[in-house]
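Asker: Here's a structure for you.
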Amino acid sequence: MRVRGSFLMSLYLFQTLNGLGLGLIYFLMGLGLTIIFGMMNFVNFAHGVFYAAGAFICYQFIAWTGMFWVGLFAGPIVVGLLALILERFLIRRLYASDHAVQILVTIGLMLILRESILLIWGTVPKNVSPPEILSGVLLIGDFAYPKYRLFIIGVTIVASLGVWLLLERTRFGMTVRAGSENPIMVSMLGVNTSKLFAATFALGVTLAGLAGGLMAPIRGASAFMGAEALGIAFVVVVIGGMGSFVGALAGGLIVGLVQSFTSGFWPEGTNVMIYSVMALIIMLRPNGLFGRS
Amino acid sequence: MLTKGKMIVAAASALMITSGVATAAELTIYNVASVSGAFANFGKQAEKGVKLAIEAKGKAAGMDLKMVTVDTESNAGKAARKVKAVIGKDDAKFFIGSTLSSTALAVGKEVNKAGGIYINGSGADEITGKQCNKSMFRWSAPTYGAVNASLTTVLDRNPNIKTVYTITPKYVFGEAMLENAKILLEKRGIKLVGNSYHSLKESEFSGYIGQAMAAKPDLLLLLNFGSLATNTIQQAVNFGLKDKMKILLVWSNGIDHLRTLGPKISEGIYFGSQYWHDEEAPANKEFVALSRKMFGETPNYPMAHYYQMTKLMLDAIDKVGTDPVKIRAHLEGLSYAGITGDEMIRAEDHQVEKYFYLLEGKAKADMNDDDDLAATLSKKKYFLPTSETGCVLG
Amino acid sequence: MSTSVPFRVHIAASVIIAAALPFLVPSTVLATEILIFGMAVIGCNLLLGYTGLLSFGQALFFGAGAYIASLTAIHWEIGLIPVLLLTILAGAILAAIVGYLAIRRQGIYFVMLTLAFGQLGYYIAFLAEEITGGEDGLLDVPRPPLELPLLPDMTFANDASFYGLTAVIFVLCFLMMQRLVDSPLGSVLKAIRQNEKRAEAIGYQVRLYKIAVFAFSGAITALAGGLYAMMLNFAPLSNIDIETSEQILFMAVLGGLGSLYGSVIGAGVFLVASDFFSELWPRWMLLLGLFLVVVMMFAPGGLWHGLVVGFERLRGRHKTSTEENDHG
């Protein structure tokens, strides 16, 4: 019995750690979404497809160069550049629109990009291997944890810290936030708000591309992976409060833990649990856990 | 004189071609496949299979052959509506395809109402079980056959396997797979130490993999399919499970799965498969050669089984004409040389008895060419006796 | 503009649509599907076009309608009208509950709540295999006979007769909904869409109105779902999938928000185009996306508005040219 007990303890420990790891990955998926919303009050339903595009571009650069690291850098950068172009010709016209309009246009954009991915890379999903140095596992008692997942967690922590510093501690971040609240005044102060907004949009999308590239060795690259990522990202961000950095972190960890633990006692119900948690939190807290009203 | 005669014949036949378009009898085969939507990769290959069979046959019962694709848009409701429409409008009778259980079941009902013939390769055991009907034929081996044919070989080759953990999609197909696995394991005295169900929209398997790791089985038995299976295997290998236990995916897509995973991951993993292109049967060699000639590619499972199903239909029509009643009578009990070897259509439930393969992923160094991703370990036939399928053909 | 149109014009127009449609599209079954989705899109339009509420829960009402109609038709022999009334009632109640909970939040949180309920509905339907058939769906859904007093029972076994039934139900629904949006209730909804705070300040119980419009939307969408199951003799799980919500939204936007004719045109064009393009080009959804962006950005009135403007321009040009003639 004692053996069984300690075994269960270590299983719970594993599911906790795994849930936290998963949560950080989900945090990264949601971070770009929440930045774009928080800074510009823009709802981007194309977030998921940028994530998928990041995975494919990562795959493509690895196929060309044979180097994982090149792919991992190229993914977010290329997706970010794409975002700048789209912002210039489409997105910037929507900042003043209703959320409903923003949602419908970005769903259209999502379809265009998803089908383009299928046109370019075909319908068979692609596989990406983690680099040799990260392909083993770390043993924790009876359990193993992939080194590559640890690497993702590390990258997430570094990237999100960087983004946080950029937005909270630099002039750029302050101006963007001021700009979202009063664009006319900020532009009267001589700041080019349209460039500022373009940069913010591209930043959010770049983070989606980074998440996609990082996830490729775990889930491969498939054109339809975006829909699921979009769902997760929205759940994460809505639970935490749209636009809140800390909220996205909390949301990500909650979703990760819920998913990891539900897979132990009610595996087929993980999605039911995730959406129930989200509905409950919105019902109880109008602006999520950390959202500003 | 001879040349002149030839010219006259040529001119006459040219005339017949141009003028005869409207009058010449034309036979349409309806290809039900997911060309767009989430399962688009399947439909494109399936279409090629039907085309190949039509090309190889040329004419059936003196009629020109035509393929019309009914795109299911990966949605069972759409498939049912479009099939209803072509039946109502064009009096369609001959249908091939759809692997999606829900689509196959619904299409089967429609075709049966219209008194046509429908050959499909779906995973739903109900097709030749409780929901069977006169019009439906099923080429793919049922879950019973798949589990027994693959798992028996794995257990025979690895006598040290004493415990098994399963990962199962929560719906009819998954339950059927699990039930069959449980019966076989019990018979062999092997312990099932745990099972994780998951939904059909799952993509994160680390939680289940953790459960599996904790149970320390000798064999991880995957009862899911498609991209769910790819994700499970990829993540299981990430978590180092391959070094700790054997892994068997019973219902794989064969070469598509192996290509997506790549040899680095699939090496040493067992894959059950309805088809494998290395099969030595003459009918398969002919088919593979045809595919390489026409499309320059090694056929995969969707292409192969749509080819075989279309060929069955066309050969039957060629033999007995276009009366569905006669076709049915001809197909029932028919033995023929198929792409997996000798195949036979059971009269009692319209299930084709064919071989099911067990493959093992090869290391990159052992591959002779890009498609040589796996070695065939066994090919076996297991089928429930017709008295146990629950099928009563009305 | 629509209020100035006499009701008999709507009667004539809806009857003409229902009568002409089978001759305009390739098959009777497709015509039936267009009218059915036309009703579902009207349900969506009531929320989005008239009240400004973007709901991702429409598939929940559509799918629930399909299940309720199928289950009652399979297990109880109560005839067509009771089956459809139960379906409508269930849809209205379900939508009122979802609406009651969702409208407590605004903007994106409202949208996400409807999405959450939609997803919960999907997963519950998926897991409740015993009742819904799970992934396989419900097979052998019958079309119950119509039992009217003094008349022999009517059955709808073939495509044409079922189209006739759908057409009658469509016309009735269309006219009722047209009445609804032309009524004082309709003007309140528009006031809410334009400026919710002002509507509240004037003294309208905005929340009650929103719940009511949800109930109407749920009722007509569930009815459409029920008819769809009878049309297919099959209630697939995909009915309740989020993709169905998206498709209904596409149709609504494409046809034009704020006009019931737009809804019907949206359903028709979407379904015919998707049949047509899916045969030509597997990647036809790219065009759909492009269309959606263009309509939302440059023609928010959708196809219907475009038609109206085009027609008025034609008439205007005609008028000016005759005027010139008079001068001459």
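We name chains A, B, ... following the order of the structure tokens; residues begin at 1 in each chain, and ligands are numbered from 1 as shown.
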Excluding region 187-195 of chain B and its own-chain neighbours fewer than 4 positions away, which residues fall within 10 Å of it when counting only C-alpha atoms? Please give them as a PDB file with N, CA and C atoms, in the first residue's frame.

Answerer:
ATOM      1  N   PRO A 267     -10.558  11.443 -18.995  1.00  0.00           N
ATOM      2  CA  PRO A 267      -9.773  11.867 -20.156  1.00  0.00           C
ATOM      3  C   PRO A 267     -10.614  12.381 -21.317  1.00  0.00           C
TER       4      PRO A 267
ATOM      5  N   THR B 152      -1.582 -10.226 -32.536  1.00  0.00           N
ATOM      6  CA  THR B 152      -1.079 -11.596 -32.397  1.00  0.00           C
ATOM      7  C   THR B 152       0.391 -11.669 -32.798  1.00  0.00           C
ATOM      8  N   LEU B 155       2.645 -10.000 -30.217  1.00  0.00           N
ATOM      9  CA  LEU B 155       2.795 -10.812 -29.002  1.00  0.00           C
ATOM     10  C   LEU B 155       3.659 -12.044 -29.269  1.00  0.00           C
ATOM     11  N   ILE B 161       6.251  -9.662 -23.416  1.00  0.00           N
ATOM     12  CA  ILE B 161       5.177  -8.698 -23.152  1.00  0.00           C
ATOM     13  C   ILE B 161       4.153  -9.326 -22.212  1.00  0.00           C
ATOM     14  N   LYS B 162       4.030  -8.723 -21.023  1.00  0.00           N
ATOM     15  CA  LYS B 162       3.093  -9.255 -20.029  1.00  0.00           C
ATOM     16  C   LYS B 162       1.999  -8.248 -19.695  1.00  0.00           C
ATOM     17  N   THR B 163       2.304  -6.963 -19.935  1.00  0.00           N
ATOM     18  CA  THR B 163       1.313  -5.930 -19.594  1.00  0.00           C
ATOM     19  C   THR B 163       1.142  -4.968 -20.764  1.00  0.00           C
ATOM     20  N   VAL B 164      -0.081  -4.433 -20.873  1.00  0.00           N
ATOM     21  CA  VAL B 164      -0.414  -3.554 -22.005  1.00  0.00           C
ATOM     22  C   VAL B 164      -1.179  -2.338 -21.499  1.00  0.00           C
ATOM     23  N   TYR B 165      -0.870  -1.169 -22.073  1.00  0.00           N
ATOM     24  CA  TYR B 165      -1.655   0.039 -21.798  1.00  0.00           C
ATOM     25  C   TYR B 165      -2.263   0.513 -23.119  1.00  0.00           C
ATOM     26  N   THR B 166      -3.525   0.901 -23.108  1.00  0.00           N
ATOM     27  CA  THR B 166      -4.166   1.314 -24.361  1.00  0.00           C
ATOM     28  C   THR B 166      -4.549   2.794 -24.334  1.00  0.00           C
ATOM     29  N   ILE B 167      -4.508   3.417 -25.496  1.00  0.00           N
ATOM     30  CA  ILE B 167      -5.025   4.777 -25.672  1.00  0.00           C
ATOM     31  C   ILE B 167      -6.092   4.697 -26.750  1.00  0.00           C
ATOM     32  N   THR B 168      -7.308   5.138 -26.404  1.00  0.00           N
ATOM     33  CA  THR B 168      -8.485   4.846 -27.214  1.00  0.00           C
ATOM     34  C   THR B 168      -9.302   6.102 -27.482  1.00  0.00           C
ATOM     35  N   LEU B 178     -11.088  -1.478 -28.657  1.00  0.00           N
ATOM     36  CA  LEU B 178     -10.715  -1.805 -27.287  1.00  0.00           C
ATOM     37  C   LEU B 178     -11.310  -3.145 -26.870  1.00  0.00           C
ATOM     38  N   ALA B 181      -9.410  -5.923 -28.422  1.00  0.00           N
ATOM     39  CA  ALA B 181      -8.090  -6.058 -27.797  1.00  0.00           C
ATOM     40  C   ALA B 181      -8.212  -6.753 -26.442  1.00  0.00           C
ATOM     41  N   LYS B 182      -9.226  -6.349 -25.672  1.00  0.00           N
ATOM     42  CA  LYS B 182      -9.408  -6.943 -24.337  1.00  0.00           C
ATOM     43  C   LYS B 182      -9.598  -8.448 -24.432  1.00  0.00           C
ATOM     44  N   ILE B 183     -10.449  -8.876 -25.359  1.00  0.00           N
ATOM     45  CA  ILE B 183     -10.735 -10.312 -25.499  1.00  0.00           C
ATOM     46  C   ILE B 183      -9.458 -11.075 -25.846  1.00  0.00           C
ATOM     47  N   TYR B 208      -1.984  11.674 -21.111  1.00  0.00           N
ATOM     48  CA  TYR B 208      -2.209  10.233 -21.266  1.00  0.00           C
ATOM     49  C   TYR B 208      -0.882   9.481 -21.251  1.00  0.00           C
ATOM     50  N   GLN B 211       0.154   8.981 -17.769  1.00  0.00           N
ATOM     51  CA  GLN B 211      -0.574   7.851 -17.182  1.00  0.00           C
ATOM     52  C   GLN B 211       0.034   6.533 -17.639  1.00  0.00           C
ATOM     53  N   ALA B 212       0.353   6.470 -18.937  1.00  0.00           N
ATOM     54  CA  ALA B 212       0.911   5.236 -19.480  1.00  0.00           C
ATOM     55  C   ALA B 212       2.274   4.952 -18.858  1.00  0.00           C
ATOM     56  N   ALA B 214       3.314   5.825 -15.985  1.00  0.00           N
ATOM     57  CA  ALA B 214       3.142   5.407 -14.602  1.00  0.00           C
ATOM     58  C   ALA B 214       2.763   3.942 -14.518  1.00  0.00           C
ATOM     59  N   ALA B 215       2.003   3.457 -15.505  1.00  0.00           N
ATOM     60  CA  ALA B 215       1.541   2.067 -15.464  1.00  0.00           C
ATOM     61  C   ALA B 215       2.637   1.094 -15.891  1.00  0.00           C
ATOM     62  N   LYS B 216       3.721   1.602 -16.448  1.00  0.00           N
ATOM     63  CA  LYS B 216       4.866   0.794 -16.874  1.00  0.00           C
ATOM     64  C   LYS B 216       4.496  -0.465 -17.658  1.00  0.00           C
ATOM     65  N   PRO B 217       3.794  -0.321 -18.734  1.00  0.00           N
ATOM     66  CA  PRO B 217       3.429  -1.507 -19.513  1.00  0.00           C
ATOM     67  C   PRO B 217       4.607  -1.968 -20.375  1.00  0.00           C
ATOM     68  N   ASP B 218       4.504  -3.203 -20.891  1.00  0.00           N
ATOM     69  CA  ASP B 218       5.506  -3.679 -21.843  1.00  0.00           C
ATOM     70  C   ASP B 218       5.142  -3.260 -23.264  1.00  0.00           C
ATOM     71  N   LEU B 219       3.849  -2.992 -23.464  1.00  0.00           N
ATOM     72  CA  LEU B 219       3.397  -2.605 -24.807  1.00  0.00           C
ATOM     73  C   LEU B 219       2.406  -1.451 -24.693  1.00  0.00           C
ATOM     74  N   LEU B 220       2.624  -0.406 -25.482  1.00  0.00           N
ATOM     75  CA  LEU B 220       1.654   0.686 -25.577  1.00  0.00           C
ATOM     76  C   LEU B 220       0.841   0.423 -26.833  1.00  0.00           C
ATOM     77  N   LEU B 221      -0.445   0.192 -26.642  1.00  0.00           N
ATOM     78  CA  LEU B 221      -1.308  -0.180 -27.757  1.00  0.00           C
ATOM     79  C   LEU B 221      -2.176   1.015 -28.133  1.00  0.00           C
ATOM     80  N   LEU B 222      -1.952   1.566 -29.316  1.00  0.00           N
ATOM     81  CA  LEU B 222      -2.698   2.754 -29.744  1.00  0.00           C
ATOM     82  C   LEU B 222      -3.867   2.323 -30.619  1.00  0.00           C
TER      83      LEU B 222
END

Asker: Extract, using only C-alpha atoms, all DNA, RNA and protein residues at most 8 Å from Val79 (chain A), discarding same-chain residues fewer than 3 positions from it, and format them as a ChimeraX atom specification.

Answerer: /A:50,53-54,75-76,82-83,205-206,209

Asker: Could you pull the residues within 10 Å of region 30-42 of chain B, counting only C-alpha atoms, minus those fewer than 6 positions along the same chain, as a PyMOL selection string?

Answerer: (chain A and resi 115+118+122-125+222-224) or (chain B and resi 49-51+66-76+79-80+82-83+86+92-100+103-104+107+118+120+226-227+253+256+300-303+306+310) or (chain C and resi 278-279+281-285)

Asker: I need the residue nearest chain C from this list: B:Pro169, B:Gly115, B:Gly145, B:Gly121. Use only C-alpha atoms for the distance.

Answerer: B:Pro169

Asker: Hey, list the chain B side of the contact with chain A: 6 Å cut-off, only C-alpha atoms, answer as number ranges by chain.

Answerer: B: 41, 197-199, 207, 231, 235, 238-239, 260-261

Asker: What are the residues of chain A lining chain C at 10 Å or less? Count only C-alpha atoms, and put the answer as a ChimeraX atom specification.

Answerer: /A:42-43,90,93-94,98-116,118-119,231,234-235,238-239,241-242,268-280,282-283,285-288

Asker: Using the chain letters and numbers from this document, which residues of region 34-79 of chain C does DSSP assign to alpha helix (DSSP H), as a PyMOL selection string?

Answerer: chain C and resi 34-45+51+58-75

Asker: Can you measure CA of Ile265 (chain B) to CA of Glu360 (chain B) for me? One decimal in Å is fine.

Answerer: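 If I compute the distance from CA of Ile265 (chain B) to CA of Glu360 (chain B), I get 11.6 Å.
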
Asker: Excluding Val70 (chain A) and residues on its chain fewer than 3 positions from it, collect all residues at most 12 Å away from it, counting only C-alpha atoms, and give them as a PDB file with N, CA and C atoms, in the first residue's frame.

Answerer:
ATOM      1  N   ILE A  57       6.665  27.488 -41.822  1.00  0.00           N
ATOM      2  CA  ILE A  57       7.867  28.204 -42.265  1.00  0.00           C
ATOM      3  C   ILE A  57       9.090  27.633 -41.555  1.00  0.00           C
ATOM      4  N   CYS A  58       8.919  27.308 -40.289  1.00  0.00           N
ATOM      5  CA  CYS A  58       9.986  26.635 -39.547  1.00  0.00           C
ATOM      6  C   CYS A  58      10.370  25.337 -40.256  1.00  0.00           C
ATOM      7  N   TYR A  59       9.346  24.545 -40.608  1.00  0.00           N
ATOM      8  CA  TYR A  59       9.595  23.283 -41.319  1.00  0.00           C
ATOM      9  C   TYR A  59      10.356  23.549 -42.626  1.00  0.00           C
ATOM     10  N   GLN A  60       9.910  24.558 -43.376  1.00  0.00           N
ATOM     11  CA  GLN A  60      10.489  24.827 -44.692  1.00  0.00           C
ATOM     12  C   GLN A  60      11.963  25.209 -44.587  1.00  0.00           C
ATOM     13  N   PHE A  61      12.263  26.066 -43.619  1.00  0.00           N
ATOM     14  CA  PHE A  61      13.659  26.494 -43.494  1.00  0.00           C
ATOM     15  C   PHE A  61      14.548  25.340 -43.022  1.00  0.00           C
ATOM     16  N   ILE A  62      13.995  24.460 -42.203  1.00  0.00           N
ATOM     17  CA  ILE A  62      14.774  23.295 -41.800  1.00  0.00           C
ATOM     18  C   ILE A  62      15.011  22.398 -43.012  1.00  0.00           C
ATOM     19  N   ALA A  63      13.968  22.264 -43.856  1.00  0.00           N
ATOM     20  CA  ALA A  63      14.117  21.431 -45.051  1.00  0.00           C
ATOM     21  C   ALA A  63      15.190  22.017 -45.979  1.00  0.00           C
ATOM     22  N   TRP A  64      15.257  23.351 -46.061  1.00  0.00           N
ATOM     23  CA  TRP A  64      16.244  23.985 -46.941  1.00  0.00           C
ATOM     24  C   TRP A  64      17.659  23.905 -46.376  1.00  0.00           C
ATOM     25  N   THR A  65      17.772  24.235 -45.082  1.00  0.00           N
ATOM     26  CA  THR A  65      19.114  24.392 -44.520  1.00  0.00           C
ATOM     27  C   THR A  65      19.568  23.181 -43.717  1.00  0.00           C
ATOM     28  N   GLY A  66      18.610  22.350 -43.282  1.00  0.00           N
ATOM     29  CA  GLY A  66      18.972  21.233 -42.429  1.00  0.00           C
ATOM     30  C   GLY A  66      19.261  21.659 -41.000  1.00  0.00           C
ATOM     31  N   MET A  67      19.027  22.925 -40.682  1.00  0.00           N
ATOM     32  CA  MET A  67      19.341  23.394 -39.325  1.00  0.00           C
ATOM     33  C   MET A  67      18.081  23.834 -38.581  1.00  0.00           C
ATOM     34  N   PHE A  73      14.208  30.519 -35.925  1.00  0.00           N
ATOM     35  CA  PHE A  73      14.270  31.978 -36.054  1.00  0.00           C
ATOM     36  C   PHE A  73      13.441  32.463 -37.239  1.00  0.00           C
ATOM     37  N   ALA A  74      13.524  31.733 -38.347  1.00  0.00           N
ATOM     38  CA  ALA A  74      12.849  32.176 -39.567  1.00  0.00           C
ATOM     39  C   ALA A  74      11.333  32.186 -39.384  1.00  0.00           C
ATOM     40  N   GLY A  75      10.788  31.172 -38.705  1.00  0.00           N
ATOM     41  CA  GLY A  75       9.336  31.063 -38.520  1.00  0.00           C
ATOM     42  C   GLY A  75       8.711  32.365 -38.043  1.00  0.00           C
ATOM     43  N   PRO A  76       9.064  32.809 -36.830  1.00  0.00           N
ATOM     44  CA  PRO A  76       8.449  34.040 -36.321  1.00  0.00           C
ATOM     45  C   PRO A  76       8.774  35.276 -37.163  1.00  0.00           C
ATOM     46  N   ILE A  77       9.996  35.347 -37.698  1.00  0.00           N
ATOM     47  CA  ILE A  77      10.359  36.559 -38.443  1.00  0.00           C
ATOM     48  C   ILE A  77       9.540  36.682 -39.723  1.00  0.00           C
ATOM     49  N   VAL A  78       9.459  35.593 -40.475  1.00  0.00           N
ATOM     50  CA  VAL A  78       8.694  35.644 -41.718  1.00  0.00           C
ATOM     51  C   VAL A  78       7.223  35.933 -41.428  1.00  0.00           C
ATOM     52  N   PRO A 131      16.111  19.217 -32.509  1.00  0.00           N
ATOM     53  CA  PRO A 131      17.543  19.050 -32.756  1.00  0.00           C
ATOM     54  C   PRO A 131      18.121  17.970 -31.845  1.00  0.00           C
ATOM     55  N   GLY A 213       6.308  27.576 -34.404  1.00  0.00           N
ATOM     56  CA  GLY A 213       7.598  26.954 -34.707  1.00  0.00           C
ATOM     57  C   GLY A 213       8.075  26.067 -33.568  1.00  0.00           C
TER      58      GLY A 213
END

Asker: Which residues are close to Ile255 (chain B), i.e. within 9 Å by only C-alpha atoms, leaving aside same-chain residues fewer than 2 positions away? Reply as number ranges by chain.

Answerer: B: 252-253, 257-260, 273, 275-277, 299-301, 371-374
